file work_6.txt (compact mmCIF, C-alpha atoms)
# COMPACT_ATOMS: atom_id res chain seq x y z
CA MET A 1 -7.79 -0.03 26.82
CA VAL A 2 -4.48 -0.62 25.02
CA ARG A 3 -2.52 0.25 28.14
CA GLY A 4 -4.49 -2.42 29.98
CA TRP A 5 -3.69 -5.02 27.33
CA LYS A 6 0.00 -4.17 27.45
CA ALA A 7 0.06 -4.12 31.25
CA ALA A 8 -1.27 -7.67 31.06
CA GLY A 9 1.64 -8.61 28.81
CA GLN A 10 -0.42 -8.88 25.62
CA THR A 11 1.01 -7.97 22.21
CA VAL A 12 -0.94 -5.49 20.09
CA GLY A 13 -1.06 -5.54 16.30
CA VAL A 14 -2.37 -2.76 14.08
CA VAL A 15 -3.53 -2.88 10.47
CA PRO A 16 -3.67 0.68 9.07
CA THR A 17 -6.27 1.05 6.29
CA MET A 18 -8.28 3.72 4.51
CA GLY A 19 -11.39 1.54 4.50
CA ALA A 20 -13.21 0.17 1.44
CA LEU A 21 -11.89 -3.14 2.65
CA HIS A 22 -11.30 -6.24 0.52
CA GLU A 23 -9.73 -9.65 0.94
CA GLY A 24 -6.25 -8.13 0.90
CA HIS A 25 -7.04 -6.11 4.02
CA LEU A 26 -8.68 -9.09 5.68
CA SER A 27 -5.57 -11.17 5.03
CA LEU A 28 -3.56 -8.54 6.93
CA ALA A 29 -6.04 -8.68 9.81
CA ARG A 30 -5.76 -12.49 9.89
CA ALA A 31 -1.96 -12.26 9.92
CA ALA A 32 -2.21 -9.82 12.83
CA LYS A 33 -4.58 -12.18 14.65
CA ALA A 34 -2.11 -15.02 14.17
CA GLY A 35 0.84 -12.98 15.42
CA CYS A 36 -0.66 -10.86 18.20
CA ASP A 37 -2.90 -11.19 21.24
CA ARG A 38 -4.96 -8.13 20.29
CA VAL A 39 -5.67 -6.55 16.92
CA ILE A 40 -6.68 -3.00 16.01
CA VAL A 41 -7.73 -2.10 12.47
CA THR A 42 -7.64 1.61 11.74
CA ILE A 43 -9.89 3.15 9.12
CA PHE A 44 -8.92 6.68 8.17
CA VAL A 45 -9.03 8.27 4.71
CA ASN A 46 -5.93 10.39 5.13
CA PRO A 47 -6.29 13.74 3.34
CA LYS A 48 -2.56 14.46 3.62
CA GLN A 49 -1.59 11.65 1.23
CA PHE A 50 -3.85 12.74 -1.64
CA ASN A 51 -2.21 15.25 -3.96
CA ASN A 52 -5.40 15.31 -6.07
CA PRO A 53 -8.49 16.63 -4.20
CA ALA A 54 -10.80 14.90 -6.72
CA ASP A 55 -9.15 11.56 -5.93
CA LEU A 56 -9.78 12.13 -2.22
CA GLU A 57 -13.42 12.96 -2.95
CA LYS A 58 -13.89 9.82 -5.05
CA TYR A 59 -12.25 7.46 -2.59
CA PRO A 60 -14.91 4.90 -1.58
CA ARG A 61 -16.21 5.02 1.98
CA THR A 62 -18.03 1.87 3.10
CA GLU A 63 -17.91 1.93 6.89
CA ASP A 64 -20.83 -0.42 7.60
CA ARG A 65 -19.61 -3.00 5.09
CA ASP A 66 -16.07 -2.70 6.44
CA ALA A 67 -17.27 -3.36 9.99
CA ALA A 68 -19.23 -6.43 8.84
CA LEU A 69 -16.16 -7.83 7.05
CA LEU A 70 -13.91 -7.26 10.06
CA ALA A 71 -16.46 -9.01 12.29
CA THR A 72 -15.80 -12.18 10.30
CA VAL A 73 -12.12 -11.99 11.28
CA GLY A 74 -12.77 -11.12 14.92
CA VAL A 75 -10.54 -8.09 15.39
CA ASP A 76 -10.67 -6.47 18.81
CA VAL A 77 -11.10 -2.81 17.84
CA ILE A 78 -11.95 -0.77 14.77
CA PHE A 79 -10.37 2.64 15.27
CA ALA A 80 -11.92 5.19 12.90
CA PRO A 81 -10.83 8.64 14.07
CA LEU A 82 -12.18 11.87 12.62
CA PRO A 83 -9.78 14.17 10.73
CA ASP A 84 -9.74 16.64 13.64
CA GLU A 85 -8.65 13.87 16.00
CA VAL A 86 -5.66 12.99 13.82
CA TYR A 87 -4.86 16.56 12.79
CA PRO A 88 -6.22 18.83 15.54
CA PRO A 89 -6.23 22.61 15.17
CA GLY A 90 -2.68 23.91 15.18
CA PHE A 91 -1.19 20.65 13.90
CA ALA A 92 2.15 21.70 12.39
CA THR A 93 4.31 18.60 11.98
CA THR A 94 5.19 16.72 8.81
CA VAL A 95 7.26 13.54 8.77
CA SER A 96 9.33 13.26 5.59
CA VAL A 97 11.38 10.20 4.62
CA SER A 98 13.88 11.05 1.90
CA GLY A 99 15.67 8.69 -0.47
CA VAL A 100 13.38 5.71 -0.85
CA SER A 101 10.32 7.96 -1.19
CA ALA A 102 11.70 10.04 -4.08
CA PRO A 103 11.29 7.89 -7.25
CA LEU A 104 8.25 6.14 -8.76
CA GLU A 105 5.15 7.13 -6.75
CA GLY A 106 7.09 9.93 -5.09
CA ALA A 107 7.89 11.50 -8.45
CA HIS A 108 4.33 11.16 -9.75
CA ARG A 109 2.54 12.12 -6.53
CA PRO A 110 4.47 14.95 -4.83
CA GLY A 111 3.90 15.03 -1.09
CA HIS A 112 2.16 11.64 -1.03
CA PHE A 113 4.73 9.86 1.09
CA ASP A 114 5.04 12.79 3.49
CA GLY A 115 1.32 12.29 4.13
CA VAL A 116 1.78 8.54 4.53
CA ALA A 117 4.74 8.86 6.90
CA THR A 118 2.99 11.50 8.99
CA VAL A 119 -0.26 9.56 9.44
CA VAL A 120 1.55 6.27 10.06
CA ALA A 121 3.67 7.89 12.79
CA LYS A 122 0.47 9.30 14.30
CA LEU A 123 -1.37 5.97 14.18
CA PHE A 124 1.56 4.13 15.76
CA GLY A 125 1.48 6.61 18.62
CA MET A 126 -2.31 6.56 18.96
CA THR A 127 -2.59 2.75 18.99
CA MET A 128 0.66 1.96 20.85
CA ALA A 129 0.98 -1.13 18.65
CA ASP A 130 3.84 -3.62 18.95
CA ARG A 131 3.49 -4.80 15.34
CA ALA A 132 2.04 -3.18 12.22
CA TYR A 133 0.93 -5.09 9.13
CA PHE A 134 1.24 -3.72 5.58
CA GLY A 135 0.63 -5.31 2.20
CA GLU A 136 3.48 -5.78 -0.26
CA LYS A 137 1.26 -4.45 -3.07
CA ASP A 138 2.32 -0.98 -1.96
CA TRP A 139 5.98 -2.00 -1.98
CA GLN A 140 7.41 1.51 -1.98
CA GLN A 141 5.13 2.49 0.89
CA LEU A 142 6.36 -0.54 2.84
CA GLN A 143 9.99 0.54 2.32
CA VAL A 144 9.15 4.10 3.41
CA VAL A 145 7.48 2.86 6.60
CA GLN A 146 10.37 0.53 7.41
CA ARG A 147 12.85 3.40 6.93
CA LEU A 148 10.69 5.66 9.13
CA VAL A 149 10.60 3.13 11.96
CA ALA A 150 14.33 2.37 11.74
CA ASP A 151 15.39 6.03 11.58
CA LEU A 152 13.18 7.21 14.47
CA ASN A 153 13.66 4.10 16.65
CA LEU A 154 9.92 3.63 16.87
CA PRO A 155 9.03 0.62 19.06
CA VAL A 156 6.95 -1.19 16.44
CA GLN A 157 7.82 -4.16 14.22
CA ILE A 158 6.77 -3.80 10.58
CA VAL A 159 5.39 -6.98 9.01
CA GLY A 160 5.06 -7.08 5.22
CA CYS A 161 2.43 -9.48 3.86
CA GLU A 162 2.18 -10.96 0.39
CA THR A 163 -0.01 -9.25 -2.23
CA VAL A 164 -3.46 -10.82 -2.53
CA ARG A 165 -4.68 -11.19 -6.11
CA GLU A 166 -7.88 -11.92 -7.95
CA ALA A 167 -8.04 -15.23 -9.82
CA ASP A 168 -6.91 -13.46 -13.02
CA GLY A 169 -3.85 -11.94 -11.33
CA LEU A 170 -5.10 -8.39 -10.72
CA ALA A 171 -3.78 -7.10 -7.39
CA MET A 172 -6.68 -6.44 -5.04
CA SER A 173 -7.25 -2.74 -4.47
CA SER A 174 -10.09 -0.53 -3.29
CA ARG A 175 -9.65 1.39 -6.55
CA ASN A 176 -10.63 -1.65 -8.62
CA ALA A 177 -14.28 -0.95 -7.78
CA ARG A 178 -14.06 2.18 -9.94
CA LEU A 179 -13.18 0.23 -13.11
CA SER A 180 -15.79 -0.26 -15.82
CA GLU A 181 -16.66 -3.80 -16.88
CA SER A 182 -14.42 -3.51 -19.94
CA GLY A 183 -11.64 -1.86 -17.92
CA ARG A 184 -11.79 -4.61 -15.32
CA ALA A 185 -11.40 -7.19 -18.10
CA ILE A 186 -8.27 -5.46 -19.43
CA ALA A 187 -6.69 -4.61 -16.05
CA PRO A 188 -5.00 -8.01 -15.45
CA ALA A 189 -2.76 -7.30 -18.46
CA LEU A 190 -0.59 -5.17 -16.17
CA HIS A 191 0.42 -8.10 -13.97
CA ARG A 192 0.62 -10.47 -16.92
CA GLU A 193 3.08 -8.29 -18.82
CA MET A 194 5.11 -7.69 -15.67
CA GLN A 195 5.47 -11.45 -15.25
CA ARG A 196 6.55 -11.79 -18.88
CA ALA A 197 9.13 -9.05 -18.44
CA ALA A 198 10.52 -10.72 -15.31
CA GLU A 199 10.78 -14.05 -17.13
CA ALA A 200 12.50 -12.36 -20.08
CA MET A 201 15.06 -10.68 -17.82
CA ARG A 202 15.77 -13.94 -16.03
CA ALA A 203 16.31 -15.55 -19.44
CA GLY A 204 18.94 -12.97 -20.31
CA VAL A 205 16.97 -10.33 -22.25
CA PRO A 206 18.53 -6.91 -21.51
CA VAL A 207 16.61 -5.10 -18.78
CA ALA A 208 15.90 -1.97 -20.85
CA ALA A 209 14.52 -4.01 -23.75
CA ALA A 210 12.31 -6.15 -21.50
CA LEU A 211 10.91 -3.07 -19.76
CA GLU A 212 10.24 -1.24 -23.01
CA GLN A 213 8.46 -4.24 -24.51
CA ALA A 214 6.32 -4.72 -21.38
CA ALA A 215 5.27 -1.06 -21.22
CA ALA A 216 4.30 -1.12 -24.89
CA ALA A 217 2.29 -4.31 -24.36
CA VAL A 218 0.41 -2.82 -21.39
CA GLN A 219 -0.53 0.22 -23.45
CA ALA A 220 -1.48 -1.93 -26.43
CA ALA A 221 -3.79 -3.98 -24.17
CA GLY A 222 -5.90 -0.87 -23.62
CA PHE A 223 -4.40 1.06 -20.73
CA GLU A 224 -4.57 4.83 -21.21
CA ALA A 225 -1.08 5.49 -19.88
CA VAL A 226 1.88 3.80 -18.23
CA ASP A 227 3.44 6.11 -15.63
CA TYR A 228 6.35 3.77 -15.04
CA LEU A 229 7.39 0.17 -15.40
CA ASP A 230 10.80 -0.07 -13.80
CA LEU A 231 13.31 -2.44 -12.24
CA ARG A 232 14.61 -1.30 -8.86
CA SER A 233 16.65 -2.68 -5.99
CA ALA A 234 14.26 -4.29 -3.55
CA ASP A 235 15.12 -2.20 -0.48
CA LEU A 236 16.49 1.19 -1.56
CA LEU A 237 14.57 1.31 -4.87
CA GLU A 238 17.65 2.35 -6.81
CA PRO A 239 17.57 1.83 -10.62
CA MET A 240 18.91 -1.52 -11.82
CA THR A 241 20.19 -2.19 -15.32
CA ALA A 242 21.00 -5.85 -14.66
CA LEU A 243 19.84 -8.62 -12.34
CA ASN A 244 22.76 -8.41 -9.93
CA GLY A 245 20.92 -8.38 -6.62
CA PRO A 246 17.46 -8.57 -5.01
CA ALA A 247 15.19 -6.77 -7.48
CA ARG A 248 11.61 -5.60 -7.69
CA LEU A 249 9.66 -4.77 -10.82
CA LEU A 250 7.25 -1.93 -10.08
CA ALA A 251 4.56 -0.42 -12.31
CA ALA A 252 1.79 2.15 -12.35
CA ALA A 253 -0.70 2.48 -15.19
CA THR A 254 -4.05 4.18 -15.75
CA MET A 255 -7.26 2.42 -16.80
CA ASP A 256 -10.63 4.20 -16.92
CA GLY A 257 -8.96 7.15 -15.23
CA VAL A 258 -8.06 4.88 -12.30
CA ARG A 259 -4.39 4.60 -11.40
CA LEU A 260 -3.41 0.98 -10.70
CA ILE A 261 -0.07 -0.01 -9.16
CA ASP A 262 1.61 -3.39 -8.85
CA ASN A 263 4.98 -4.96 -8.16
CA ILE A 264 6.61 -8.38 -8.24
CA ALA A 265 9.91 -9.86 -7.14
CA VAL A 266 12.29 -10.63 -10.01
call {"tool": "encode", "arguments": {"input": "work_6.txt", "output": "structure tokens"}}
result
Amino acid sequence: MVRGWKAAGQTVGVVPTMGALHEGHLSLARAAKAGCDRVIVTIFVNPKQFNNPADLEKYPRTEDRDAALLATVGVDVIFAPLPDEVYPPGFATTVSVSGVSAPLEGAHRPGHFDGVATVVAKLFGMTMADRAYFGEKDWQQLQVVQRLVADLNLPVQIVGCETVREADGLAMSSRNARLSESGRAIAPALHREMQRAAEAMRAGVPVAAALEQAAAAVQAAGFEAVDYLDLRSADLLEPMTALNGPARLLAAATMDGVRLIDNIAV
């Protein structure tokens, strides 16, 4: 099918997802529709990127609902392979991107980005896509995928799309469905305090002081833990102690046992 499209000179876009779709995913599918002749959305809950088996077990699976949502966008194909199709018996290859994958999520979730890089490389090969669309909410993941494609000369263009948020600022995520009513009410504090920290740094407050104050405020709002709230260079994710180049503020915090991540440009 894809070979036929490409033989006809059509461009193919892919939106890799793990299902449990929301407006953020649909925005990626719409961007792909706008930029490509044909669009494939993949749905695959990738076991290799979960370092916690319980987290894999809890991940929501809503295939029928996902298909109904994608029908409203008009994508050409939903590709939902089985685990044995992606990782057949004897599968022995792992793709590992060093450097940009090491801090932040990489430090808190060992092996996570190896799983991401491996499945993304597989999906690019399986779909033969010309362009792939990823959300900026997973900023570190986006940098890992861009590094992967550049280093291996993969013939796919990576398109990063702006984070889609709820009206109260909470970044849309499939994990949000696991929040209690009270947890959902508190969750927007993460983005709110990140914005305050960014404003403080722009106003000249020392980076370390702004970060410390923001982390304390997130915890005081009711989050159980703050894994990190850090200022990093936008592309290589190296630590920054001053606003002297393109910067990204990245955070991960736990609410109701659910790990929420977010990032904003500073």
call {"tool": "atom_distance", "arguments": {"input": "work_6.txt", "atom1": "CA of Val2 in chain A", "atom2": "CA of Ala129 in chain A"}}
result
8.4 Å
call {"tool": "residues_around", "arguments": {"input": "work_6.txt", "residues": "range 229-231 of chain A", "least_positions_apart": "3", "cutoff": "12 Å", "atoms": "all atoms listed in the file", "output": "ChimeraX atom specification"}}
result
/A:103-105,190-191,193-195,197-198,201,206-219,225-226,234-253,260-266
call {"tool": "residues_around", "arguments": {"input": "work_6.txt", "residues": "Ala121 in chain A", "least_positions_apart": "2", "cutoff": "12 Å", "atoms": "only C-alpha atoms", "output": "ChimeraX atom specification"}}
result
/A:16,86,93-97,113-119,123-129,132,144-149,151-156
call {"tool": "closest_residue", "arguments": {"input": "work_6.txt", "among": "A:Gln157, A:Gly74, A:Tyr59, A:Ala185", "to": "Thr11 in chain A", "atoms": "all atoms listed in the file"}}
result
A:Gln157
call {"tool": "residues_around", "arguments": {"input": "work_6.txt", "residues": "Asp55 in chain A", "least_positions_apart": "4", "cutoff": "12 Å", "atoms": "all atoms listed in the file", "output": "list in words"}}
result
Val45, Asn46, Pro47, Lys48, Gln49, Phe50, Asn51, Tyr59, Pro60, Arg109, Arg175, Arg178, Gly257, Val258 and Arg259 of chain A
call {"tool": "atom_distance", "arguments": {"input": "work_6.txt", "atom1": "CA of Lys33 in chain A", "atom2": "CA of Ala177 in chain A"}}
result
26.9 Å
call {"tool": "closest_residue", "arguments": {"input": "work_6.txt", "among": "A:Met1, A:Leu82, A:Ala32, A:Met255", "to": "Asn176 in chain A", "atoms": "only C-alpha atoms"}}
result
A:Met255
call {"tool": "closest_residue", "arguments": {"input": "work_6.txt", "among": "A:Phe91, A:Gln143, A:Ala187, A:Ser174", "to": "Met18 in chain A", "atoms": "all atoms listed in the file"}}
result
A:Ser174
call {"tool": "residues_around", "arguments": {"input": "work_6.txt", "residues": "Arg131 in chain A", "least_positions_apart": "6", "cutoff": "7 Å", "atoms": "all atoms listed in the file", "output": "compact mmCIF listing (two decimals) with C-alpha atoms, in the coordinates of the input"}}
result
# COMPACT_ATOMS: atom_id res chain seq x y z
CA VAL A 12 -0.94 -5.49 20.09
CA GLY A 13 -1.06 -5.54 16.30
CA VAL A 14 -2.37 -2.76 14.08
CA VAL A 156 6.95 -1.19 16.44
CA GLN A 157 7.82 -4.16 14.22
CA ILE A 158 6.77 -3.80 10.58
CA VAL A 159 5.39 -6.98 9.01
call {"tool": "atom_distance", "arguments": {"input": "work_6.txt", "atom1": "CA of Leu70 in chain A", "atom2": "CA of Val15 in chain A"}}
result
11.3 Å
call {"tool": "residues_around", "arguments": {"input": "work_6.txt", "residues": "Ala107 in chain A", "least_positions_apart": "6", "cutoff": "12 Å", "atoms": "only C-alpha atoms", "output": "VMD selection string"}}
result
chain A and resid 51 98 to 101 113 140 227 to 228 252
call {"tool": "closest_residue", "arguments": {"input": "work_6.txt", "among": "A:Arg232, A:Ala67, A:Lys137, A:Leu142", "to": "Ser173 in chain A", "atoms": "all atoms listed in the file"}}
result
A:Lys137
call {"tool": "closest_residue", "arguments": {"input": "work_6.txt", "among": "A:Glu224, A:Asp138, A:Ala80, A:Ser182", "to": "Thr163 in chain A", "atoms": "only C-alpha atoms"}}
result
A:Asp138
call {"tool": "closest_residue", "arguments": {"input": "work_6.txt", "among": "A:Arg38, A:His108, A:Arg165, A:Arg61", "to": "Glu136 in chain A", "atoms": "all atoms listed in the file"}}
result
A:Arg165
call {"tool": "build_atoms", "arguments": {"input": "work_6.txt", "residues": "range 81-92 of chain A", "atoms": "all heavy atoms", "output": "CSV table (one decimal), keeping the file's coordinate frame"}}
result
chain,number,residue,atom,x,y,z
A,81,PRO,N,-10.8,7.3,13.6
A,81,PRO,CA,-10.8,8.6,14.1
A,81,PRO,C,-11.3,9.6,13.0
A,81,PRO,O,-11.2,9.4,11.8
A,81,PRO,CB,-9.4,8.9,14.4
A,81,PRO,CG,-8.6,8.0,13.4
A,81,PRO,CD,-9.5,6.8,13.3
A,82,LEU,N,-11.8,10.8,13.5
A,82,LEU,CA,-12.2,11.9,12.6
A,82,LEU,C,-10.9,12.7,12.3
A,82,LEU,O,-9.9,12.6,13.0
A,82,LEU,CB,-13.2,12.8,13.3
A,82,LEU,CG,-14.5,12.2,13.7
A,82,LEU,CD1,-15.4,13.1,14.5
A,82,LEU,CD2,-15.3,11.8,12.4
A,83,PRO,N,-11.0,13.4,11.1
A,83,PRO,CA,-9.8,14.2,10.7
A,83,PRO,C,-9.3,15.1,11.8
A,83,PRO,O,-8.1,15.2,12.0
A,83,PRO,CB,-10.3,14.9,9.5
A,83,PRO,CG,-11.3,14.1,8.9
A,83,PRO,CD,-12.0,13.4,10.1
A,84,ASP,N,-10.2,15.7,12.6
A,84,ASP,CA,-9.7,16.6,13.6
A,84,ASP,C,-9.1,15.9,14.8
A,84,ASP,O,-8.3,16.6,15.6
A,84,ASP,CB,-10.9,17.4,14.2
A,84,ASP,CG,-11.3,18.6,13.2
A,84,ASP,OD1,-10.6,18.8,12.3
A,84,ASP,OD2,-12.4,19.2,13.5
A,85,GLU,N,-9.3,14.6,15.0
A,85,GLU,CA,-8.6,13.9,16.0
A,85,GLU,C,-7.2,13.6,15.6
A,85,GLU,O,-6.3,13.5,16.4
A,85,GLU,CB,-9.4,12.6,16.3
A,85,GLU,CG,-10.8,12.7,16.9
A,85,GLU,CD,-11.4,11.4,17.1
A,85,GLU,OE1,-11.1,10.6,18.0
A,85,GLU,OE2,-12.3,11.0,16.3
A,86,VAL,N,-7.0,13.3,14.3
A,86,VAL,CA,-5.7,13.0,13.8
A,86,VAL,C,-4.9,14.3,13.6
A,86,VAL,O,-3.7,14.3,13.9
A,86,VAL,CB,-5.7,12.2,12.5
A,86,VAL,CG1,-4.3,11.9,12.0
A,86,VAL,CG2,-6.5,10.9,12.7
A,87,TYR,N,-5.5,15.3,13.1
A,87,TYR,CA,-4.9,16.6,12.8
A,87,TYR,C,-5.7,17.7,13.5
A,87,TYR,O,-6.4,18.4,12.9
A,87,TYR,CB,-4.8,16.8,11.3
A,87,TYR,CG,-4.2,15.7,10.5
A,87,TYR,CD1,-4.9,15.0,9.5
A,87,TYR,CD2,-2.8,15.4,10.7
A,87,TYR,CE1,-4.3,14.0,8.8
A,87,TYR,CE2,-2.2,14.4,10.0
A,87,TYR,CZ,-3.0,13.7,9.0
A,87,TYR,OH,-2.4,12.7,8.3
A,88,PRO,N,-5.5,17.8,14.8
A,88,PRO,CA,-6.2,18.8,15.5
A,88,PRO,C,-5.8,20.2,15.1
A,88,PRO,O,-4.7,20.4,14.5
A,88,PRO,CB,-5.9,18.5,17.0
A,88,PRO,CG,-4.6,17.8,16.9
A,88,PRO,CD,-4.6,17.0,15.7
A,89,PRO,N,-6.6,21.2,15.5
A,89,PRO,CA,-6.2,22.6,15.2
A,89,PRO,C,-4.8,22.9,15.7
A,89,PRO,O,-4.5,22.6,16.8
A,89,PRO,CB,-7.3,23.4,15.9
A,89,PRO,CG,-8.5,22.5,16.0
A,89,PRO,CD,-7.9,21.1,16.2
A,90,GLY,N,-4.0,23.6,14.8
A,90,GLY,CA,-2.7,23.9,15.2
A,90,GLY,C,-1.7,22.8,14.8
A,90,GLY,O,-0.5,23.1,15.0
A,91,PHE,N,-2.1,21.7,14.3
A,91,PHE,CA,-1.2,20.6,13.9
A,91,PHE,C,-0.2,21.2,12.9
A,91,PHE,O,-0.5,21.8,11.9
A,91,PHE,CB,-2.0,19.5,13.3
A,91,PHE,CG,-1.1,18.3,13.0
A,91,PHE,CD1,-0.9,17.3,14.0
A,91,PHE,CD2,-0.5,18.1,11.8
A,91,PHE,CE1,-0.1,16.2,13.8
A,91,PHE,CE2,0.3,17.0,11.5
A,91,PHE,CZ,0.5,16.0,12.5
A,92,ALA,N,1.1,21.0,13.2
A,92,ALA,CA,2.2,21.7,12.4
A,92,ALA,C,3.3,20.8,12.1
A,92,ALA,O,4.4,21.3,11.7
A,92,ALA,CB,2.6,22.9,13.2
